[in-house]
Amino acid sequence: MSGFVEKPEPVEVPGLVHLHTGKVRDLYRTEGGELVMVASDRMSAYDWVLPTEIPDKGRILTQLSLWWFDRLADLVRHHVLSTELPPGAPADWAGRTLICRPLEMLPVECVARGYLTGSGLAEYRQTRTVCGLALPEGLTDGSELPSPIFTPATKAEVGEHDENVSYEEVARKIGAETAHRLRQATLAVYSRGREIARERGIILADTKLEFGFEGEELVLADEVLTPDSSRFWPVDQWQPGRVQPSFDKQYVRDWLGSPESGWDRHGQLPPPELPAAVVEQTRARYIEAYERITGLNWA
């Protein structure tokens with residue numbers, strides 16, 4: 001059992017049609033057919049959308065994505081058309097709203113890993129592979145991989161779990177040429193992001209991307225290289241063989257898995273409210289990630 005603890009009602013805006021309420025983003029369509037993507041302050045973990053929001057989270061994700069889109073534009077086109085608010089939109093949408101080109105989205109979570117952790121580590125411990133790719137012996141939690149790898153996953157609905165799949169399975173599902181293009185684009189984006197983050201004292205351990213087609217052109221969509229879609233670790237605290245300190249939502253996962261929360265992630269009950277201290281610390285980590293990566297102050 002998972003999903004929304006309490007699913008929010010969509011905001012009604014004249015001229016916009018509500019299409020979807022996701023874990024974090026709400027999607028609308030304009031009368032002209034453009035998509036309006038609004039990043040909320042919702043937090044998801046362990047396939048649940050938690051009952052507690054993180055203030056400013058949606059704005060941080062949106063502004064950081066825009067910063068990255070600019071620095072990746074020579075590698076792959078992105079979906080953003082405008083950041084102007086649609087007429088009649090609530091003031092709270094400011095800074096968290098993107099007007100985007102409609103795409104034919106691909107049913108693949110495109111994951112690039114440069115370090116071993118998370119679900120990749122779990123698979124490696126059992127088979128010495130990740131998504132069917134053989135890895136060297138002796139790796140541990142936080143180990144740097146010999147080179148970045150493309151480890152795709154299924155794209156799950158809210159409340160369902162993304163499942164790692166092999167590259168061959170992706171190729172069968174969407175075609176060999178499209179799978180190849182996805183792998184090349186994903187690794188190019190990851191490599192650029194990893195290089196830029198490293199210059200700022202941050203390890204980009206892994207990231208998850210989404211792509212769609214506009215005609216024959218592959219387009220980067222959704223968010224990119226944010227604390228929601230990536231693992232960010234401080235370079236000066238990296239130490240393989242343990243759980244790494246992070247600038248992402250791992251802090252929330254760790255609390256939910258602690259005795260303090262009293263929650264059984266494998267049970268039937270929804271997760272509890274986050275304590276104020278966890279909310280404040282999580283917000284601070286998102287802001288620090290934004291400021292360290294961009295060099296800008298979060299106002």
# chains A, B, ... in the order shown; residues from 1 in each chain; ligands from 1

call {"tool": "residues_around", "arguments": {"residues": "region 60-66 of chain A", "least_positions_apart": "5", "cutoff": "9 Å", "atoms": "only C-alpha atoms", "output": "PyMOL selection string"}}
result
chain A and resi 38-39+71+80+95-98+222-228+286-287+290+293-294+298

call {"tool": "residues_around", "arguments": {"residues": "Ser230 (chain A)", "least_positions_apart": "3", "cutoff": "10 Å", "atoms": "only C-alpha atoms", "output": "mmCIF file with all heavy atoms, in the first residue's frame"}}
result
data_model
loop_
_atom_site.group_PDB
_atom_site.id
_atom_site.type_symbol
_atom_site.label_atom_id
_atom_site.label_comp_id
_atom_site.auth_asym_id
_atom_site.auth_seq_id
_atom_site.Cartn_x
_atom_site.Cartn_y
_atom_site.Cartn_z
ATOM 1 N N VAL A 111 18.369 6.583 -15.873
ATOM 2 C CA VAL A 111 19.233 6.746 -14.708
ATOM 3 C C VAL A 111 20.690 6.580 -15.116
ATOM 4 O O VAL A 111 21.046 5.613 -15.798
ATOM 5 C CB VAL A 111 18.880 5.730 -13.607
ATOM 6 C CG1 VAL A 111 19.778 5.908 -12.392
ATOM 7 C CG2 VAL A 111 17.406 5.847 -13.220
ATOM 8 N N ALA A 112 21.506 7.521 -14.679
ATOM 9 C CA ALA A 112 22.957 7.415 -14.840
ATOM 10 C C ALA A 112 23.580 7.327 -13.459
ATOM 11 O O ALA A 112 23.206 8.076 -12.561
ATOM 12 C CB ALA A 112 23.509 8.619 -15.594
ATOM 13 N N ARG A 113 24.524 6.415 -13.297
ATOM 14 C CA ARG A 113 25.201 6.222 -12.020
ATOM 15 C C ARG A 113 26.716 6.330 -12.219
ATOM 16 O O ARG A 113 27.271 5.676 -13.103
ATOM 17 C CB ARG A 113 24.898 4.835 -11.427
ATOM 18 C CG ARG A 113 23.428 4.535 -11.191
ATOM 19 C CD ARG A 113 23.252 3.103 -10.695
ATOM 20 N NE ARG A 113 21.858 2.705 -10.695
ATOM 21 C CZ ARG A 113 21.045 2.823 -9.651
ATOM 22 N NH1 ARG A 113 21.513 3.345 -8.523
ATOM 23 N NH2 ARG A 113 19.790 2.431 -9.730
ATOM 24 N N TYR A 190 24.664 13.546 -17.561
ATOM 25 C CA TYR A 190 25.281 13.199 -16.273
ATOM 26 C C TYR A 190 26.743 13.648 -16.225
ATOM 27 O O TYR A 190 27.193 14.229 -15.223
ATOM 28 C CB TYR A 190 25.193 11.698 -16.024
ATOM 29 C CG TYR A 190 25.976 11.282 -14.795
ATOM 30 C CD1 TYR A 190 25.487 11.518 -13.521
ATOM 31 C CD2 TYR A 190 27.231 10.681 -14.917
ATOM 32 C CE1 TYR A 190 26.214 11.174 -12.388
ATOM 33 C CE2 TYR A 190 27.961 10.326 -13.792
ATOM 34 C CZ TYR A 190 27.453 10.578 -12.539
ATOM 35 O OH TYR A 190 28.184 10.244 -11.424
ATOM 36 N N LEU A 204 28.097 14.342 -7.797
ATOM 37 C CA LEU A 204 26.810 13.916 -8.360
ATOM 38 C C LEU A 204 26.879 12.399 -8.492
ATOM 39 O O LEU A 204 27.457 11.868 -9.446
ATOM 40 C CB LEU A 204 26.576 14.590 -9.714
ATOM 41 C CG LEU A 204 25.329 14.158 -10.489
ATOM 42 C CD1 LEU A 204 24.058 14.407 -9.692
ATOM 43 C CD2 LEU A 204 25.270 14.864 -11.843
ATOM 44 N N ALA A 205 26.348 11.703 -7.498
ATOM 45 C CA ALA A 205 26.480 10.244 -7.444
ATOM 46 C C ALA A 205 25.662 9.561 -8.527
ATOM 47 O O ALA A 205 26.124 8.621 -9.184
ATOM 48 C CB ALA A 205 26.069 9.734 -6.068
ATOM 49 N N ASP A 206 24.430 10.014 -8.712
ATOM 50 C CA ASP A 206 23.567 9.463 -9.753
ATOM 51 C C ASP A 206 22.454 10.454 -10.031
ATOM 52 O O ASP A 206 22.252 11.409 -9.275
ATOM 53 C CB ASP A 206 23.007 8.082 -9.377
ATOM 54 C CG ASP A 206 22.259 8.069 -8.043
ATOM 55 O OD1 ASP A 206 21.546 9.042 -7.742
ATOM 56 O OD2 ASP A 206 22.396 7.088 -7.302
ATOM 57 N N THR A 207 21.743 10.227 -11.100
ATOM 58 C CA THR A 207 20.625 11.111 -11.434
ATOM 59 C C THR A 207 19.619 10.380 -12.297
ATOM 60 O O THR A 207 19.943 9.378 -12.950
ATOM 61 C CB THR A 207 21.118 12.377 -12.159
ATOM 62 O OG1 THR A 207 20.092 13.379 -12.141
ATOM 63 C CG2 THR A 207 21.508 12.099 -13.606
ATOM 64 N N LYS A 208 18.394 10.886 -12.274
ATOM 65 C CA LYS A 208 17.290 10.304 -13.049
ATOM 66 C C LYS A 208 16.741 11.384 -13.978
ATOM 67 O O LYS A 208 16.425 12.491 -13.534
ATOM 68 C CB LYS A 208 16.209 9.793 -12.107
ATOM 69 C CG LYS A 208 15.002 9.186 -12.801
ATOM 70 C CD LYS A 208 14.071 8.524 -11.798
ATOM 71 C CE LYS A 208 13.462 9.519 -10.836
ATOM 72 N NZ LYS A 208 12.487 8.910 -9.918
ATOM 73 N N LEU A 209 16.623 11.059 -15.258
ATOM 74 C CA LEU A 209 16.164 12.009 -16.266
ATOM 75 C C LEU A 209 14.948 11.450 -16.996
ATOM 76 O O LEU A 209 14.729 10.236 -17.027
ATOM 77 C CB LEU A 209 17.270 12.289 -17.291
ATOM 78 C CG LEU A 209 18.622 12.738 -16.741
ATOM 79 C CD1 LEU A 209 19.653 12.772 -17.865
ATOM 80 C CD2 LEU A 209 18.520 14.097 -16.067
ATOM 81 N N VAL A 224 15.726 18.519 -13.871
ATOM 82 C CA VAL A 224 17.049 18.001 -14.214
ATOM 83 C C VAL A 224 18.048 18.350 -13.114
ATOM 84 O O VAL A 224 18.133 19.496 -12.664
ATOM 85 C CB VAL A 224 17.515 18.531 -15.591
ATOM 86 C CG1 VAL A 224 17.596 20.056 -15.615
ATOM 87 C CG2 VAL A 224 18.848 17.930 -15.988
ATOM 88 N N LEU A 225 18.763 17.323 -12.642
ATOM 89 C CA LEU A 225 19.877 17.477 -11.694
ATOM 90 C C LEU A 225 19.477 18.277 -10.456
ATOM 91 O O LEU A 225 20.153 19.219 -10.058
ATOM 92 C CB LEU A 225 21.077 18.116 -12.396
ATOM 93 C CG LEU A 225 21.609 17.348 -13.619
ATOM 94 C CD1 LEU A 225 22.755 18.113 -14.268
ATOM 95 C CD2 LEU A 225 22.033 15.931 -13.263
ATOM 96 N N THR A 226 18.367 17.872 -9.845
ATOM 97 C CA THR A 226 17.887 18.505 -8.619
ATOM 98 C C THR A 226 18.051 17.539 -7.442
ATOM 99 O O THR A 226 18.295 16.347 -7.641
ATOM 100 C CB THR A 226 16.399 18.874 -8.724
ATOM 101 O OG1 THR A 226 15.620 17.658 -8.660
ATOM 102 C CG2 THR A 226 16.091 19.628 -10.007
ATOM 103 N N PRO A 227 17.878 18.016 -6.210
ATOM 104 C CA PRO A 227 17.933 17.118 -5.058
ATOM 105 C C PRO A 227 16.829 16.071 -5.035
ATOM 106 O O PRO A 227 16.939 15.091 -4.297
ATOM 107 C CB PRO A 227 17.797 18.070 -3.860
ATOM 108 C CG PRO A 227 18.274 19.385 -4.360
ATOM 109 C CD PRO A 227 17.831 19.431 -5.789
ATOM 110 N N TRP A 233 26.484 14.519 -2.904
ATOM 111 C CA TRP A 233 27.293 14.288 -1.708
ATOM 112 C C TRP A 233 28.407 15.339 -1.632
ATOM 113 O O TRP A 233 28.988 15.687 -2.669
ATOM 114 C CB TRP A 233 27.950 12.910 -1.755
ATOM 115 C CG TRP A 233 27.026 11.751 -1.847
ATOM 116 C CD1 TRP A 233 25.719 11.695 -1.465
ATOM 117 C CD2 TRP A 233 27.349 10.455 -2.366
ATOM 118 N NE1 TRP A 233 25.208 10.446 -1.693
ATOM 119 C CE2 TRP A 233 26.179 9.651 -2.242
ATOM 120 C CE3 TRP A 233 28.501 9.884 -2.897
ATOM 121 C CZ2 TRP A 233 26.148 8.322 -2.657
ATOM 122 C CZ3 TRP A 233 28.480 8.560 -3.304
ATOM 123 C CH2 TRP A 233 27.308 7.789 -3.181
ATOM 124 N N PHE A 247 22.908 16.168 0.180
ATOM 125 C CA PHE A 247 22.137 17.402 0.031
ATOM 126 C C PHE A 247 20.770 17.116 -0.575
ATOM 127 O O PHE A 247 20.134 18.006 -1.123
ATOM 128 C CB PHE A 247 22.880 18.390 -0.871
ATOM 129 C CG PHE A 247 24.193 18.849 -0.328
ATOM 130 C CD1 PHE A 247 25.373 18.503 -0.956
ATOM 131 C CD2 PHE A 247 24.252 19.625 0.813
ATOM 132 C CE1 PHE A 247 26.591 18.928 -0.463
ATOM 133 C CE2 PHE A 247 25.471 20.060 1.315
ATOM 134 C CZ PHE A 247 26.646 19.702 0.675
ATOM 135 N N ASP A 248 20.335 15.886 -0.516
ATOM 136 C CA ASP A 248 19.077 15.516 -1.158
ATOM 137 C C ASP A 248 18.086 15.006 -0.111
ATOM 138 O O ASP A 248 18.276 15.230 1.085
ATOM 139 C CB ASP A 248 19.325 14.457 -2.245
ATOM 140 C CG ASP A 248 20.166 13.305 -1.715
ATOM 141 O OD1 ASP A 248 19.727 12.646 -0.765
ATOM 142 O OD2 ASP A 248 21.267 13.078 -2.256
ATOM 143 N N LYS A 249 17.036 14.314 -0.553
ATOM 144 C CA LYS A 249 15.991 13.903 0.382
ATOM 145 C C LYS A 249 16.346 12.635 1.153
ATOM 146 O O LYS A 249 15.492 12.070 1.836
ATOM 147 C CB LYS A 249 14.663 13.737 -0.335
ATOM 148 C CG LYS A 249 14.619 12.677 -1.428
ATOM 149 C CD LYS A 249 13.236 12.690 -2.063
ATOM 150 C CE LYS A 249 13.127 11.684 -3.193
ATOM 151 N NZ LYS A 249 11.789 11.715 -3.820
#

call {"tool": "atom_distance", "arguments": {"atom1": "CA of Val17 (chain A)", "atom2": "CA of Glu31 (chain A)"}}
result
8.1 Å

call {"tool": "atom_distance", "arguments": {"atom1": "CA of Glu214 (chain A)", "atom2": "CA of Ala188 (chain A)"}}
result
19.7 Å

call {"tool": "residues_around", "arguments": {"residues": "Phe150 (chain A)", "least_positions_apart": "2", "cutoff": "9 Å", "atoms": "only C-alpha atoms", "output": "ChimeraX atom specification"}}
result
/A:110-113,131,148,152,167,183-184,186-187

call {"tool": "residues_around", "arguments": {"residues": "Arg125 (chain A)", "least_positions_apart": "4", "cutoff": "12 Å", "atoms": "only C-alpha atoms", "output": "JSON list (two decimals) with C-alpha atoms, in the first residue's frame"}}
result
[["chain", "number", "residue", "atom", "x", "y", "z"],
["A", 116, "LEU", "CA", 27.27, 2.68, -6.24],
["A", 117, "THR", "CA", 24.44, 3.14, -3.74],
["A", 118, "GLY", "CA", 20.68, 2.74, -3.34],
["A", 119, "SER", "CA", 18.92, 0.11, -5.47],
["A", 120, "GLY", "CA", 22.09, -0.35, -7.52],
["A", 121, "LEU", "CA", 24.01, -1.36, -4.42],
["A", 129, "THR", "CA", 25.61, -6.49, -11.56],
["A", 130, "VAL", "CA", 23.40, -3.40, -11.92],
["A", 134, "ALA", "CA", 28.75, -6.62, -14.63],
["A", 135, "LEU", "CA", 30.78, -4.61, -12.11],
["A", 136, "PRO", "CA", 34.12, -5.34, -10.44],
["A", 137, "GLU", "CA", 34.42, -7.24, -7.17],
["A", 138, "GLY", "CA", 35.03, -5.38, -3.94],
["A", 139, "LEU", "CA", 32.72, -2.39, -4.39],
["A", 140, "THR", "CA", 30.86, -1.03, -1.39],
["A", 141, "ASP", "CA", 28.32, 1.67, -0.52]]
